[in-house]
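Worksheet for the structure shown next.
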Amino acid sequence: MTHRARLPYWLLGLLVVVGCSEGEHYPDRPIMLICPWSAGGGTDTVSRTVAALLERDLGVPVNVVNATGGSGVTGHTRGALAPADGYTLTMVTVELNMLHWRGLTNITPDDFRPLMLLNRDDAALFVRDDAPWQSLAELKEEVSAQPRALRASGTAQGGIWHVSLAGWLNAEGLDAGDILWIPINGAGPSLDALMSGGVEMVCCSLPEASALLESGRIRCLGVMASERVEGFPEVPTFQEKGSDWTMGGWRGLALPLDVPEDRAELLEAAVEQVIQSDDYLAFMASTGFNVSPAGPEAFRAIMEGFDQQMGEILTGEAFQSVRSTRYGPMIFPTILFASLALVLLILVVRGGLRRSVDSPRLDRDGMARMGVALAFVLGYLILASRLGYVITATILLLAMLLSLRVKWSVALAVALLLAPMSYQVFAVVLRVPLPWGWLGW
Amino acid sequence: MDPAVVDAASQVFLDPVVWTAIVASAIYGVFVGAVPGLTATMAMALLVPLTYWLPPLPALAAVVTMVACAIFAGDIPTILLRIPGTPASAAYADLGSGLAARGRADSALVTALISSVAGGLFGSIVLIFLGSQLAQVGTLFSPAEHFWLYVLGLTCAVVVSQGAPIKGALAVLFGLLVSTVGLSAVHAQSRFTFGNPELYQGIGFIPAMIGLFGVSEVFKNLLTMVPEAEQQSSGISEDRISSPGHPLNEVPEAIRRVIRRPFASLRSGAVGALIGMLPGAGADIASWVSLGIGRQSNTPLSESDDEAALDRLGTATTANSSALAGAWIPALILGIPGDSVTAIVIGVLMMKDLTPGPEIFEKQATLVYGLYLIFILANLVLLPIGLAAIKAGGLVLRVPKRILMPVILLFCVLGSYAINGSTFDIGVMLVFGLVGFFLERRAIPLGPVVLGIILGGPLEERLIQVLTAADGSPIAFVDRWPARILVGLWVLLLMVAVIRPGRWRSQETRQEGL
């Protein structure tokens, strides 16, 4: 038998091997862990640590994907709507309890099967070390004497730390808007604004502020927890200072609904093992994240509790009035549209929008070749999720090379070499979750 | 000599783990930087689990080297293929690829490398000797100052972009408008999403940049591709972009270029370090501002002057490399991350029980000196590895275009997908590929569009912050002296651009081909 004649048998054999391994035991391919927040943040760090440790226990890669944007809408939506095959996990955060109350998404905690609560970071209130208020009571006095004189930040309008502060003001019988909320995205930039005098106080979690806190440049007036937080024993709770208010963020792992029960239980056991491991505990202790594990049932109960509390605050009248700021979301686009119209007008009058002379002519052959490129990308969008990355890439490369009149042999060699090579680099080395098809990759 | 310095030196130079970390992460960084869509932040996040098992010094060595190499490597596809590997390179995509088109690819690449090394070393020296003093400058920046800094950066993009400034303005405004699609960061309300949940995430600048530059370049090349039959009959192959030479021969000239204009080199180094250390600003703004300042003070030279183009390329790459070290100043000294990379670094430090802040110099002197040494080393290691990368990049150009273009397209798809794992981003890339193609045919520059998309969110945020804090009074934008200085600079920039009508006219006629 010649080499060439043997090829089909080899392929058939390969197919049988790959085909048999499918579905026999779980997990047998990479698992995706969706993190709704960007790389570098607290949720991302926790996700990557859990992923690295889960990988060790499960024996398959666990890849973190930062599905960011939309204040958490993107990641949570993608997590809830992912195929319920146990290969997609989501690091859900407290925003899951908030977004649907604000009409930003239909996804609620009921769209997930809770797996494990990992941590809770209670809100805390920080001021500069030279601030005149030594205690929460003094601050409250100043706020009620002079409402709307003080400014605070910590996150965007209506974010978790905003809700925490507004909720405290409500609980104290003050108005939610008595401390002006300056929307600054993220605790880091907010602390920066605190240092430069842009705001008088920041509401965020203790670990986010620990560097400045330890160097004595800021003081913590209190943490909105029922008891003192491990790692920060010197920080008093709001309760000690005479307020019953508690609030904070949480993070946990969840699966889409309808994941087969045996797979969910296997994952639950693996996560349980991870969060009891020394590596995990050492990591959480060193970063200051508050370890607060809870199994599926308890996790569900916690989410329900939060959901009710958030609903009360976010749909309450006081908060609605705070949210409708004078500087609405259309101010900036309106300025831009006006400027763009002006610039376009000038250009049209001066005839500057004509095609520049040195740009190539659109001839028919050229347009046809551009159409091939267009078809390449569209083809990828249609085929990749069905056939898997490697097969799709091979087919598309081959087709496009041939349409550009590259010799058969060269085109075949390039396609057969590049598709698996790029898979190795992106999916294996760089951990990009490339589409998975019926042949495996 | 301080015993801590000796101690640090021995820990850095005698530890094979540190050396392995430096070399391995240099190669990794070059790869990540050269592939559009793979960002330094993403590469950093992948390194994080690895740093659990590494002692602090090798862990930091890996981070520093990786980022320094990535920012230079971004220039390789920028110059060779006109596809920016990192957003910081988008500022000089036209400049660099123009040089390559005129057969000066090697000069451009080596100039970028040497200037990056020089900028990196300059930034490190600023970090080492002036870090503590400069850290206080960052705290002078309230939202109003940030607002003006972004305006300054965007104006520079308009002023330096090739072609008529009015078209640059159009490009910037278009980019800014694109950034408003999705959920507004400040109000958390949806805009221009037309009920489409996919649009909530907004239009990412990475897929948009890959589309604008990469896909549109593929379209352009496909359009002008000479049919093979004609090529063979004429006997010459015009299918290849340009033939690579010997990068090593260009090194002395590139070094002379940096030394010959000491003032310009120092200025862009300083601009880079200063902008880098401001939270929320980074290497991308630094390249534009440095180009903008260079444009104003240089004697006007025609665009086709290769020597002038190389000088300008040099100043921009100096600035963006210098900005990297600058970003460490607030991170190390105040514990405030300046960008997402240093945010991860702070996480790594805390994991090793090292809290960044003023006391890190007393408590961890050895580590800080070790880090300083690593900064210097990382930039020196970049030299040979960068040269090797240039050589390897040259090989890519030996591949005929008809084979190269499908491969580039595949990498564009992968790069757009990699950042968020989202197929929606591939669609964004395709749409912006078409947009870029048509903008280009109307001589509208693409770089300012990218900067507009990047800065739109932060600019709006600062605008609303200042207005909210001042209860609507526009005086708030200019009632602090640092803000007034920035406004002064901005007015100066506008004036210089306007009172040079000769430049406007000549540009205009060239565009219209009269």
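Please note that chains go A, B, ... in the order of the structure tokens, that every chain numbers its residues from 1, and that ligands are numbered from 1 in the order shown.
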
>> With 6 Å as the limit and counting only C-alpha atoms, what residues in chain A lie close to chain B? Please list them as an NGL selection string.
In response: :A and (40 or 66-67 or 69-70 or 74 or 156-157 or 182-183 or 196 or 198 or 211 or 286-287 or 353 or 355-356 or 359 or 366 or 369-370 or 432)

> Using only C-alpha atoms, which residues sit within 9 Å of Glu172 in chain A once same-chain residues fewer than 4 positions away are excluded, as an MDAnalysis selection string?
Replying inline: chainID A and resid 140 167:168 243 245

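Distance-wise, CA of Phe126 in chain A and CA of Phe477 in chain B end up 26.1 Å apart.
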
Running DSSP on the backbone, which parts of range 57-169 of chain A land in strand (DSSP E or B), as a tab-separated table (two decimals) with C-alpha atoms, in the first residue's frame?
chain	number	residue	atom	x	y	z
A	62	VAL	CA	-9.66	25.96	33.27
A	63	ASN	CA	-9.45	29.16	31.23
A	64	VAL	CA	-10.53	32.53	32.56
A	65	VAL	CA	-12.32	34.75	30.06
A	66	ASN	CA	-12.86	38.39	30.93
A	88	THR	CA	-18.91	27.02	31.45
A	89	LEU	CA	-18.66	28.42	34.96
A	90	THR	CA	-19.33	32.02	35.94
A	91	MET	CA	-17.79	34.08	38.72
A	92	VAL	CA	-20.97	35.89	39.66
A	93	THR	CA	-20.79	39.06	41.73
A	112	PHE	CA	-28.10	30.41	37.72
A	113	ARG	CA	-27.51	27.25	39.65
A	114	PRO	CA	-25.40	28.47	42.59
A	115	LEU	CA	-22.28	26.41	43.20
A	116	MET	CA	-20.30	28.06	45.97
A	117	LEU	CA	-20.01	31.46	47.60
A	118	LEU	CA	-16.34	32.34	47.84
A	119	ASN	CA	-15.99	35.66	49.54
A	120	ARG	CA	-17.75	38.68	50.91
A	121	ASP	CA	-16.13	42.07	51.08
A	122	ASP	CA	-18.04	44.48	53.21
A	123	ALA	CA	-18.23	48.15	52.35
A	124	ALA	CA	-16.05	50.49	54.39
A	125	LEU	CA	-15.82	54.25	54.55
A	126	PHE	CA	-12.45	56.01	54.15
A	127	VAL	CA	-11.32	59.59	54.66
A	128	ARG	CA	-7.89	61.25	54.36
A	150	LEU	CA	-19.50	66.63	51.01
A	151	ARG	CA	-18.51	64.47	48.05
A	152	ALA	CA	-17.89	60.76	47.94
A	153	SER	CA	-16.94	58.16	45.37

> Mind checking DSSP for range 262-421 of chain A and telling me the helix (DSSP H, G or I) residues as JSON, numbers by chain?
Replying inline: {"A": [262, 263, 264, 265, 266, 267, 268, 269, 270, 271, 272, 273, 274, 275, 276, 278, 279, 280, 281, 282, 283, 284, 285, 286, 287, 296, 297, 298, 299, 300, 301, 302, 303, 304, 305, 306, 307, 308, 309, 310, 311, 312, 313, 314, 315, 317, 318, 319, 320, 321, 322, 323, 331, 332, 333, 334, 335, 336, 337, 338, 339, 340, 341, 342, 343, 344, 345, 346, 347, 348, 349, 364, 365, 366, 367, 368, 369, 370, 371, 372, 373, 374, 375, 376, 377, 378, 379, 380, 381, 382, 383, 384, 385, 386, 387, 389, 390, 391, 392, 393, 394, 395, 396, 397, 398, 399, 400, 401, 402, 403, 408, 409, 410, 411, 412, 413, 414, 415, 416, 417, 418, 419, 420, 421]}

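The smallest atom-to-atom distance between Ser265 in chain B and any of B:Phe122, B:Phe129, B:Phe72, B:Trp481, using only C-alpha atoms, is found for B:Phe122.
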